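A short write-up of the structure that comes next.
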Amino acid sequence: MTERAKLSLLSRELTKLKDSQIDWLIGIVAQFKLPQIFWHNSKSNLINQAWLEHFGNILMVHHAMSDAPFSKEKFEFAFIFASRKAGITADKPTSRTNRGHDVTVDGVRMSLKTQADKSIAEDRVHISKFMELGKGEWSLPTLRGLFFEHMRSYERIYTLRALSDAASRKKYELVEIPKSLLLEADRGEFEIMESSKQNPKPGYCRVFDKDGAMRFELYFDGGTERKLQIHKIRKELCTVHAVWEFETTRLFDI
């Protein structure tokens with residue numbers, strides 16, 4: 001449909017709406033008119049201009065209605081919507097209890113994460129819940145094996161990071177964490193936190209480069225959730241695919 005045809009259709013459809021519904025549309029238009037910077041990596045094999053704009057529009061509408069960061073579930077559906085709008089085949093797994101990949105894009109299984117902690121570091125990526133560790137044997141090498149097994153379910157890993165939580169301006173970035181990087185945990189160094197009061201005791205698997213600088217660390221949380229976190233991933237080792245920065249308004253006053 002051409003732009004002229006779209007405008008003509010919109011004009012006709014507006015006459016069928018209630019005044020209250022038109023007020024909502026006016027609010028959304030006001031949001032879209034605010035200053036915005038959408039950027040995508042020209043070398044990205046996922047993000048094109050259409051993907052960038054459709055995903056950014058969803059972020060802007062979300063924050064016109066909420067100060068809360070974009071949730072993981074919203075991220076998954078927005079990821080699929082933007083992909084389809086960009087002419088890319090994308091679907092969710094058929095099972096709602098799937099513990100592996102979150103979306104499939106052009107036949108490639110992907111895991112999606114979000115990061116929105118208050119103390120977010122620009123140059124370090126953190127995943128607060130990479131996977132559940134279950135109630136089995138609490139041995140760090142065994143738990144690392146579960147981590148490797150989990151990653152067999154997908155080929156690519158993306159995280160959507162909320163870098164600004166200011167009420168009037170938001171900033172997000174889409175970062176791909178190379179699976180090959182995380183697989184380097186097979187040469188990681190273990191440390192059990194013997195002084196911890198948790199039962200079982202938490203522990204780390206740290207991965208260093210040849211100069212002794214840490215590349216990332218796995219943290220096996222022995223608390224009630226028994227989950228795996230990934231800390232301090234150096235962003236320079238990852239790929240930033242896109243950035244969205246925009247001002248926000250409210251669709252309604254409270």
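Going through the structure tokens in order, the chains are called A, B, and so on, while each chain numbers its residues from 1 and the ligands are numbered from 1 in the order shown.
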
Non-local contacts of Tyr172 (chain A) (6 Å; only C-alpha atoms; under 5 positions in same chain excluded) as a PyMOL selection string | chain A and resi 161-163+243-244

Near Ile127 (chain A), counting only C-alpha atoms, which residues have an atom at most 7 Å away, once you skip same-chain residues fewer than 2 positions from it, shown as a list in words?
->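 My list of contacting residues is Gln115, Val125, Lys129, Phe130, Gln229, Ile230 and His231 of chain A.
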
Dump C-alpha atoms for the selected residues as a JSON list (two decimals), in the first residue's frame?
```json
[["chain", "number", "residue", "atom", "x", "y", "z"],
["A", 115, "GLN", "CA", 18.77, -5.85, 31.59],
["A", 125, "VAL", "CA", 26.68, -6.66, 30.41],
["A", 129, "LYS", "CA", 18.76, -14.89, 35.47],
["A", 130, "PHE", "CA", 20.30, -16.83, 32.62],
["A", 229, "GLN", "CA", 23.73, -15.31, 36.66],
["A", 230, "ILE", "CA", 26.34, -14.00, 34.23],
["A", 231, "HIS", "CA", 28.31, -11.02, 35.47]]
```

Could you write out, as number ranges by chain, all the residues of region 27-237 of chain A that DSSP marks as alpha helix (DSSP H)?
-> A: 27-32, 49-65, 72-85, 140-151, 179-182

Using only C-alpha atoms: which of A:Gly134, A:Pro93, A:Gly223, A:Gly56 has the shortest distance to Ser111 (chain A) |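 Answer, going by the shortest atom-to-atom distance: A:Pro93.
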
Find the residues near region 186-202 of chain A: any atom within 10 Å, counting only C-alpha atoms, skip ones fewer than 5 places away on the same chain, and give them as a ChimeraX atom specification.
-> /A:137-141,144-145,148,207-208,216-224,226-228

Would you put the residues from that selection into a file with C-alpha atoms, as a JSON list (two decimals), in the first residue's frame?
```json
[["chain", "number", "residue", "atom", "x", "y", "z"],
["A", 137, "GLU", "CA", 23.67, -32.06, 42.57],
["A", 138, "TRP", "CA", 25.31, -28.77, 43.65],
["A", 139, "SER", "CA", 28.76, -29.17, 42.13],
["A", 140, "LEU", "CA", 30.22, -26.27, 40.15],
["A", 141, "PRO", "CA", 31.57, -28.45, 37.30],
["A", 144, "ARG", "CA", 28.64, -25.57, 34.37],
["A", 145, "GLY", "CA", 27.72, -28.66, 32.36],
["A", 148, "PHE", "CA", 26.54, -25.82, 28.29],
["A", 207, "VAL", "CA", 37.12, -16.59, 32.51],
["A", 208, "PHE", "CA", 40.27, -14.53, 31.93],
["A", 216, "PHE", "CA", 33.10, -12.59, 32.22],
["A", 217, "GLU", "CA", 32.08, -14.73, 35.17],
["A", 218, "LEU", "CA", 29.34, -17.24, 35.87],
["A", 219, "TYR", "CA", 27.73, -16.90, 39.28],
["A", 220, "PHE", "CA", 25.95, -19.97, 40.61],
["A", 221, "ASP", "CA", 23.45, -18.51, 43.07],
["A", 222, "GLY", "CA", 22.72, -20.99, 45.84],
["A", 223, "GLY", "CA", 19.75, -19.07, 47.25],
["A", 224, "THR", "CA", 16.14, -20.13, 47.14],
["A", 226, "ARG", "CA", 19.09, -21.58, 42.56],
["A", 227, "LYS", "CA", 19.79, -19.74, 39.35],
["A", 228, "LEU", "CA", 22.74, -18.94, 37.11]]
```

Measuring atom to atom with only C-alpha atoms, identify which of A:Phe147, A:Trp24, A:Tyr204, A:Phe246 is nearest to Arg169 (chain A).
->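 Checking each candidate against Arg169 (chain A), we get A:Phe246 as the closest.
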
Test item: residues at most 8 Å from Ile177 (chain A), only C-alpha atoms, excluding those fewer than 3 positions along its chain, as a PyMOL selection string | chain A and resi 156-159+181-182+237-239

Write the residues of the selection above to a file with C-alpha atoms, as an mmCIF file, in the first residue's frame.
```
data_model
loop_
_atom_site.group_PDB
_atom_site.id
_atom_site.type_symbol
_atom_site.label_atom_id
_atom_site.label_comp_id
_atom_site.auth_asym_id
_atom_site.auth_seq_id
_atom_site.Cartn_x
_atom_site.Cartn_y
_atom_site.Cartn_z
ATOM 1 C CA ARG A 156 22.340 -16.666 19.194
ATOM 2 C CA ILE A 157 21.862 -14.645 22.394
ATOM 3 C CA TYR A 158 20.528 -11.081 22.538
ATOM 4 C CA THR A 159 19.901 -8.760 25.454
ATOM 5 C CA LEU A 181 32.369 -16.244 24.135
ATOM 6 C CA LEU A 182 30.227 -17.956 26.767
ATOM 7 C CA LEU A 237 33.569 -8.516 23.252
ATOM 8 C CA CYS A 238 29.920 -8.317 22.142
ATOM 9 C CA THR A 239 28.127 -6.697 19.183
#
```

Of the residues A:Ser83, A:Thr15, A:Thr248, A:Ser153, which is the one nearest to His63 (chain A), using only C-alpha atoms?
-> A:Thr248

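Between CA of Met214 (chain A) and CA of Asp102 (chain A) the separation is 28.5 Å.
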
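Those residues that approach Gly100 (chain A) to within 10 Å, counting only C-alpha atoms, are Pro93, Thr97, Asn98, Asp102, Val103, Arg109, Met110, Ser111, Met131, Glu149, His150, Met151, Arg152, Ser153 and Tyr154 of chain A; same-chain residues fewer than 2 positions away are not listed.
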
Can you write out the residues you just picked, keeping C-alpha atoms, as a PDB file, in the first residue's frame?
```
ATOM      1  CA  PRO A  93       8.186 -21.813  20.242  1.00  0.00           C
ATOM      2  CA  THR A  97       6.909 -23.945  28.875  1.00  0.00           C
ATOM      3  CA  ASN A  98       9.864 -24.162  26.517  1.00  0.00           C
ATOM      4  CA  ASP A 102      12.651 -17.781  22.990  1.00  0.00           C
ATOM      5  CA  VAL A 103      12.177 -17.010  19.278  1.00  0.00           C
ATOM      6  CA  ARG A 109      16.909 -20.218  17.355  1.00  0.00           C
ATOM      7  CA  MET A 110      17.566 -17.263  19.630  1.00  0.00           C
ATOM      8  CA  SER A 111      17.628 -16.629  23.370  1.00  0.00           C
ATOM      9  CA  MET A 131      18.732 -20.131  33.633  1.00  0.00           C
ATOM     10  CA  GLU A 149      23.597 -28.174  27.805  1.00  0.00           C
ATOM     11  CA  HIS A 150      21.147 -25.244  27.996  1.00  0.00           C
ATOM     12  CA  MET A 151      23.000 -23.390  25.239  1.00  0.00           C
ATOM     13  CA  ARG A 152      22.584 -26.295  22.828  1.00  0.00           C
ATOM     14  CA  SER A 153      18.971 -25.128  22.432  1.00  0.00           C
ATOM     15  CA  TYR A 154      19.830 -21.931  20.548  1.00  0.00           C
TER      16      TYR A 154
END
```

Would you please extract all strand (DSSP E) residues from region 12-236 of chain A, as assigned by DSSP on the backbone, and give them as JSON, numbers by chain?
-> {"A": [36, 37, 38, 39, 40, 90, 91, 103, 104, 105, 108, 109, 110, 111, 112, 113, 114, 115, 124, 125, 126, 127, 128, 129, 130, 131, 132, 156, 157, 158, 159, 160, 161, 162, 163, 164, 169, 170, 171, 172, 173, 174, 175, 176, 189, 190, 191, 192, 203, 204, 205, 206, 207, 208, 214, 215, 216, 217, 218, 219, 220, 221, 227, 228, 229, 230, 231, 232, 233, 234]}

Which residue out of A:Met60, A:Leu46, A:Leu112, A:Ile120 has the minimum interatomic distance to Arg84 (chain A) when only C-alpha atoms are used?
-> A:Leu46

So which residues touch Lys72 (chain A) within 9 Å, counting only C-alpha atoms, skipping near sequence neighbours fewer than 6 positions away, as an MDAnalysis selection string?
-> chainID A and resid 112:114 160

Pull N, CA and C atoms from the residues just selected and write them as a PDB file, in the first residue's frame.
```pdb
ATOM      1  N   LEU A 112      16.557 -14.615  24.247  1.00  0.00           N
ATOM      2  CA  LEU A 112      16.414 -13.183  24.488  1.00  0.00           C
ATOM      3  C   LEU A 112      16.439 -12.893  25.986  1.00  0.00           C
ATOM      4  N   LYS A 113      17.202 -11.877  26.367  1.00  0.00           N
ATOM      5  CA  LYS A 113      17.309 -11.455  27.763  1.00  0.00           C
ATOM      6  C   LYS A 113      17.068  -9.949  27.838  1.00  0.00           C
ATOM      7  N   THR A 114      16.828  -9.460  29.045  1.00  0.00           N
ATOM      8  CA  THR A 114      16.715  -8.023  29.265  1.00  0.00           C
ATOM      9  C   THR A 114      17.571  -7.632  30.456  1.00  0.00           C
ATOM     10  N   LEU A 160      18.352  -6.913  25.598  1.00  0.00           N
ATOM     11  CA  LEU A 160      17.886  -5.540  25.441  1.00  0.00           C
ATOM     12  C   LEU A 160      18.187  -4.817  26.741  1.00  0.00           C
TER      13      LEU A 160
END
```

Between CA of Asp117 (chain A) and CA of Ile28 (chain A), what is the distance, to one decimal in Å?
->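 Taking CA of Asp117 (chain A) as the start and CA of Ile28 (chain A) as the end point, the length is 27.3 Å.
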
Near-Leu25 (chain A) list (10 Å; only C-alpha atoms; drop same-chain fewer than 6 positions) as a PyMOL selection string = chain A and resi 14+19+31+251
